[in-house]
file upload_0.pdb (PDB, C-alpha atoms)
MODEL        1
ATOM      1  CA  LYS Q  43     176.665   2.064 -80.804  1.00  0.00           C
ATOM      2  CA  ILE Q  44     176.545  -1.052 -82.953  1.00  0.00           C
ATOM      3  CA  SER Q  45     173.741  -2.503 -80.843  1.00  0.00           C
ATOM      4  CA  HIS Q  46     171.521   0.480 -81.679  1.00  0.00           C
ATOM      5  CA  HIS Q  47     172.283   0.469 -85.412  1.00  0.00           C
ATOM      6  CA  TYR Q  48     169.350  -0.424 -87.638  1.00  0.00           C
ATOM      7  CA  LEU Q  49     171.344  -3.046 -89.591  1.00  0.00           C
ATOM      8  CA  TRP Q  50     172.238  -4.885 -86.394  1.00  0.00           C
ATOM      9  CA  ASN Q  51     168.630  -4.756 -85.187  1.00  0.00           C
ATOM     10  CA  TRP Q  52     167.312  -6.056 -88.531  1.00  0.00           C
ATOM     11  CA  THR Q  53     169.924  -8.830 -88.558  1.00  0.00           C
ATOM     12  CA  ILE Q  54     168.974  -9.939 -85.057  1.00  0.00           C
ATOM     13  CA  THR Q  55     165.273  -9.801 -85.987  1.00  0.00           C
ATOM     14  CA  ILE Q  56     165.844 -12.018 -89.036  1.00  0.00           C
ATOM     15  CA  LEU Q  57     167.945 -14.424 -86.966  1.00  0.00           C
ATOM     16  CA  ASP Q  58     165.165 -14.556 -84.368  1.00  0.00           C
ATOM     17  CA  PHE Q  59     162.851 -15.736 -87.149  1.00  0.00           C
ATOM     18  CA  VAL Q  60     165.443 -18.380 -88.051  1.00  0.00           C
ATOM     19  CA  LEU Q  61     165.497 -19.415 -84.395  1.00  0.00           C
ATOM     20  CA  LEU Q  62     161.707 -19.681 -84.241  1.00  0.00           C
ATOM     21  CA  PHE Q  63     160.800 -21.048 -87.668  1.00  0.00           C
ATOM     22  CA  GLY Q  64     164.010 -22.550 -89.103  1.00  0.00           C
ATOM     23  CA  VAL Q  65     163.544 -26.091 -87.844  1.00  0.00           C
ATOM     24  CA  PRO Q  66     159.888 -26.504 -88.882  1.00  0.00           C
ATOM     25  CA  ILE Q  67     160.635 -25.083 -92.323  1.00  0.00           C
ATOM     26  CA  GLN Q  68     163.665 -27.354 -92.638  1.00  0.00           C
ATOM     27  CA  HIS Q  69     161.674 -30.476 -91.795  1.00  0.00           C
ATOM     28  CA  LEU Q  70     158.587 -29.574 -93.826  1.00  0.00           C
ATOM     29  CA  ILE Q  71     160.141 -28.308 -97.040  1.00  0.00           C
ATOM     30  CA  PHE Q  72     163.732 -29.495 -97.360  1.00  0.00           C
ATOM     31  CA  ASN Q  73     165.186 -32.987 -97.532  1.00  0.00           C
ATOM     32  CA  LYS Q  74     168.035 -34.545 -95.540  1.00  0.00           C
ATOM     33  CA  ASN Q  75     170.654 -33.320 -98.057  1.00  0.00           C
ATOM     34  CA  SER Q  76     170.113 -29.731 -96.911  1.00  0.00           C
ATOM     35  CA  ASP Q  77     171.292 -30.425 -93.339  1.00  0.00           C
ATOM     36  CA  THR Q  78     174.756 -28.994 -94.008  1.00  0.00           C
ATOM     37  CA  ILE Q  79     173.311 -25.673 -95.160  1.00  0.00           C
ATOM     38  CA  PHE Q  80     170.999 -25.467 -92.173  1.00  0.00           C
ATOM     39  CA  ASP Q  81     173.830 -26.446 -89.814  1.00  0.00           C
ATOM     40  CA  ALA Q  82     175.852 -23.477 -91.094  1.00  0.00           C
ATOM     41  CA  LEU Q  83     172.793 -21.231 -90.777  1.00  0.00           C
ATOM     42  CA  TYR Q  84     172.152 -22.378 -87.198  1.00  0.00           C
ATOM     43  CA  MET Q  85     175.815 -21.976 -86.215  1.00  0.00           C
ATOM     44  CA  ASN Q  86     175.924 -18.423 -87.600  1.00  0.00           C
ATOM     45  CA  THR Q  87     172.606 -17.618 -85.947  1.00  0.00           C
ATOM     46  CA  MET Q  88     173.864 -18.864 -82.600  1.00  0.00           C
ATOM     47  CA  ILE Q  89     177.123 -16.896 -82.914  1.00  0.00           C
ATOM     48  CA  PHE Q  90     175.285 -13.667 -83.760  1.00  0.00           C
ATOM     49  CA  LEU Q  91     172.750 -14.134 -80.960  1.00  0.00           C
ATOM     50  CA  LEU Q  92     175.502 -14.803 -78.409  1.00  0.00           C
ATOM     51  CA  ALA Q  93     177.347 -11.710 -79.683  1.00  0.00           C
ATOM     52  CA  ASP Q  94     174.125  -9.754 -79.211  1.00  0.00           C
ATOM     53  CA  ILE Q  95     173.943 -11.008 -75.621  1.00  0.00           C
ATOM     54  CA  VAL Q  96     177.490  -9.787 -74.981  1.00  0.00           C
ATOM     55  CA  LEU Q  97     176.709  -6.393 -76.551  1.00  0.00           C
ATOM     56  CA  MET Q  98     173.485  -5.991 -74.600  1.00  0.00           C
ATOM     57  CA  SER Q  99     175.318  -6.899 -71.387  1.00  0.00           C
ATOM     58  CA  HIS Q 100     177.578  -3.892 -71.905  1.00  0.00           C
ATOM     59  CA  VAL Q 101     174.942  -1.475 -73.194  1.00  0.00           C
ATOM     60  CA  ILE Q 102     171.903  -2.125 -70.993  1.00  0.00           C
ATOM     61  CA  PRO Q 103     172.775  -1.688 -67.305  1.00  0.00           C
ATOM     62  CA  ASN Q 104     170.350  -4.232 -65.825  1.00  0.00           C
ATOM     63  CA  TYR Q 105     170.514  -6.799 -68.634  1.00  0.00           C
ATOM     64  CA  PHE Q 106     173.242  -8.826 -66.972  1.00  0.00           C
ATOM     65  CA  VAL Q 107     173.631  -8.011 -63.309  1.00  0.00           C
ATOM     66  CA  PHE Q 108     175.937 -10.049 -61.128  1.00  0.00           C
ATOM     67  CA  ALA Q 109     175.283  -9.068 -57.549  1.00  0.00           C
ATOM     68  CA  ILE Q 110     175.988 -10.690 -54.219  1.00  0.00           C
ATOM     69  CA  GLY Q 111     174.501  -8.770 -51.352  1.00  0.00           C
ATOM     70  CA  GLU Q 112     173.039  -5.357 -51.885  1.00  0.00           C
ATOM     71  CA  ILE Q 113     175.643  -3.798 -54.154  1.00  0.00           C
ATOM     72  CA  GLY Q 114     176.211  -5.022 -57.688  1.00  0.00           C
ATOM     73  CA  VAL Q 115     179.486  -5.355 -59.495  1.00  0.00           C
ATOM     74  CA  ARG Q 116     179.073  -1.933 -61.096  1.00  0.00           C
ATOM     75  CA  LYS Q 117     178.484  -0.398 -57.639  1.00  0.00           C
ATOM     76  CA  THR Q 118     176.182   2.246 -59.102  1.00  0.00           C
ATOM     77  CA  GLU Q 119     172.964   1.310 -57.396  1.00  0.00           C
ATOM     78  CA  LYS Q 120     171.492  -0.984 -54.812  1.00  0.00           C
ATOM     79  CA  VAL Q 121     170.417  -4.162 -56.553  1.00  0.00           C
ATOM     80  CA  ASN Q 122     168.562  -6.016 -53.824  1.00  0.00           C
ATOM     81  CA  ARG Q 123     166.111  -3.318 -52.770  1.00  0.00           C
ATOM     82  CA  CYS Q 124     163.404  -5.764 -51.714  1.00  0.00           C
ATOM     83  CA  GLY Q 125     165.543  -7.522 -49.122  1.00  0.00           C
ATOM     84  CA  CYS Q 126     164.783 -10.867 -50.740  1.00  0.00           C
ATOM     85  CA  TRP Q 127     166.686 -13.968 -49.793  1.00  0.00           C
ATOM     86  CA  PRO Q 128     169.069 -15.094 -51.152  1.00  0.00           C
ATOM     87  CA  PRO Q 129     170.658 -11.747 -51.913  1.00  0.00           C
ATOM     88  CA  ILE Q 130     172.239 -13.057 -55.119  1.00  0.00           C
ATOM     89  CA  ARG Q 131     171.217 -11.897 -58.561  1.00  0.00           C
ATOM     90  CA  ILE Q 132     172.731 -13.238 -61.753  1.00  0.00           C
ATOM     91  CA  GLY Q 133     171.343 -11.849 -64.975  1.00  0.00           C
ATOM     92  CA  SER Q 134     167.861 -10.622 -65.756  1.00  0.00           C
ATOM     93  CA  PHE Q 135     164.936 -12.599 -67.087  1.00  0.00           C
ATOM     94  CA  LEU Q 136     165.613 -11.244 -70.576  1.00  0.00           C
ATOM     95  CA  PHE Q 137     169.263 -12.311 -70.370  1.00  0.00           C
ATOM     96  CA  TRP Q 138     168.383 -15.899 -69.439  1.00  0.00           C
ATOM     97  CA  PHE Q 139     165.652 -16.013 -72.062  1.00  0.00           C
ATOM     98  CA  ASP Q 140     168.084 -14.901 -74.783  1.00  0.00           C
ATOM     99  CA  PHE Q 141     170.859 -17.170 -73.536  1.00  0.00           C
ATOM    100  CA  ILE Q 142     168.749 -20.331 -73.380  1.00  0.00           C
ATOM    101  CA  SER Q 143     167.107 -19.641 -76.734  1.00  0.00           C
ATOM    102  CA  ALA Q 144     170.501 -19.138 -78.399  1.00  0.00           C
ATOM    103  CA  LEU Q 145     171.856 -22.346 -76.880  1.00  0.00           C
ATOM    104  CA  SER Q 146     168.754 -24.262 -77.960  1.00  0.00           C
ATOM    105  CA  LEU Q 147     170.120 -24.152 -81.499  1.00  0.00           C
ATOM    106  CA  LEU Q 148     172.848 -26.586 -80.414  1.00  0.00           C
ATOM    107  CA  TRP Q 149     170.217 -29.319 -80.369  1.00  0.00           C
ATOM    108  CA  GLU Q 150     169.399 -28.687 -84.045  1.00  0.00           C
ATOM    109  CA  ILE Q 151     172.947 -28.865 -85.394  1.00  0.00           C
ATOM    110  CA  SER Q 152     173.303 -32.366 -86.773  1.00  0.00           C
ATOM    111  CA  PHE Q 153     177.066 -32.866 -86.415  1.00  0.00           C
ATOM    112  CA  LEU Q 154     177.105 -31.949 -82.697  1.00  0.00           C
ATOM    113  CA  GLY Q 155     174.731 -34.624 -81.463  1.00  0.00           C
ATOM    114  CA  THR Q 156     173.286 -37.934 -82.335  1.00  0.00           C
ATOM    115  CA  PRO Q 157     170.938 -38.009 -85.289  1.00  0.00           C
ATOM    116  CA  ARG Q 158     167.356 -37.738 -84.130  1.00  0.00           C
ATOM    117  CA  HIS Q 159     165.695 -38.287 -87.472  1.00  0.00           C
ATOM    118  CA  ILE Q 160     166.825 -41.809 -88.293  1.00  0.00           C
ATOM    119  CA  MET Q 161     164.337 -43.879 -90.191  1.00  0.00           C
ATOM    120  CA  HIS Q 162     163.506 -47.190 -88.523  1.00  0.00           C
ATOM    121  CA  ARG Q 163     162.075 -50.138 -90.405  1.00  0.00           C
ATOM    122  CA  THR Q 164     159.386 -52.031 -88.592  1.00  0.00           C
ATOM    123  CA  ASP Q 165     157.614 -55.026 -90.090  1.00  0.00           C
ATOM    124  CA  ILE Q 166     154.088 -55.665 -88.833  1.00  0.00           C
ATOM    125  CA  TYR Q 167     152.343 -58.821 -89.893  1.00  0.00           C
ATOM    126  CA  VAL Q 168     148.564 -59.032 -89.821  1.00  0.00           C
ATOM    127  CA  ASP Q 169     146.179 -61.891 -90.511  1.00  0.00           C
ATOM    128  CA  ALA Q 170     143.120 -61.772 -92.758  1.00  0.00           C
ATOM    129  CA  ASP Q 171     141.085 -60.001 -90.082  1.00  0.00           C
ATOM    130  CA  GLY Q 172     143.687 -57.259 -89.653  1.00  0.00           C
ATOM    131  CA  VAL Q 173     144.864 -58.451 -86.254  1.00  0.00           C
ATOM    132  CA  MET Q 174     148.576 -58.133 -85.668  1.00  0.00           C
ATOM    133  CA  THR Q 175     150.189 -61.529 -85.426  1.00  0.00           C
ATOM    134  CA  TYR Q 176     153.862 -60.635 -85.352  1.00  0.00           C
ATOM    135  CA  GLY Q 177     155.875 -57.437 -85.270  1.00  0.00           C
ATOM    136  CA  PHE Q 178     157.705 -54.884 -83.190  1.00  0.00           C
ATOM    137  CA  ASP Q 179     160.071 -57.582 -81.960  1.00  0.00           C
ATOM    138  CA  SER Q 180     163.017 -55.197 -81.916  1.00  0.00           C
ATOM    139  CA  TYR Q 181     161.132 -53.002 -79.457  1.00  0.00           C
ATOM    140  CA  GLY Q 182     160.134 -55.892 -77.180  1.00  0.00           C
ATOM    141  CA  ILE Q 183     156.393 -55.821 -77.865  1.00  0.00           C
ATOM    142  CA  PHE Q 184     156.100 -59.190 -79.667  1.00  0.00           C
TER     143      PHE Q 184
ENDMDL
END
call {"tool": "encode", "arguments": {"input": "upload_0.pdb", "output": "structure tokens"}}
result
Amino acid sequence: KISHHYLWNWTITILDFVLLFGVPIQHLIFNKNSDTIFDALYMNTMIFLLADIVLMSHVIPNYFVFAIGEIGVRKTEKVNRCGCWPPIRIGSFLFWFDFISALSLLWEISFLGTPRHIMHRTDIYVDADGVMTYGFDSYGIF
């Protein structure tokens, strides 16, 4: 019943907006000092979205189907009606879409991975005509 409650649906909708627009807003408006706040926001968003996946797996019958052969785990209906090969079905398209989108937030949490937004200093020397004479030596160009 919690998955059909309006507060849960509004919370998931707001967290979907965080999933879609959180990173661009973070990089456009906020500075590096706000990473801790956004890390907490992304962790909570991921936890709630994974909890929503678990709830939907129990509430919606075909949301997460694990079937080998024609009969699924719930044994209520034939899963592989088309006779497709291989006769294995794990989850629905919506399940995998939700699961991958929730896990994509792991990439944005700064303390879980290597920093992607490190500022590099590169000195480029030009002559009077504006032609590069020396530079990018740390990257192997000159």
call {"tool": "resolve_selection", "arguments": {"input": "upload_0.pdb", "expression": "the PyMOL selection byres ((chain Q and resi 82-98) around 9)", "output": "count of residues only"}}
result
33
call {"tool": "atom_distance", "arguments": {"input": "upload_0.pdb", "atom1": "CA of Val107 in chain Q", "atom2": "CA of Phe135 in chain Q"}}
result
10.5 Å
call {"tool": "atom_distance", "arguments": {"input": "upload_0.pdb", "atom1": "CA of Asn51 in chain Q", "atom2": "CA of Leu154 in chain Q"}}
result
28.6 Å
call {"tool": "atom_distance", "arguments": {"input": "upload_0.pdb", "atom1": "CA of Pro66 in chain Q", "atom2": "CA of Ser152 in chain Q"}}
result
14.8 Å
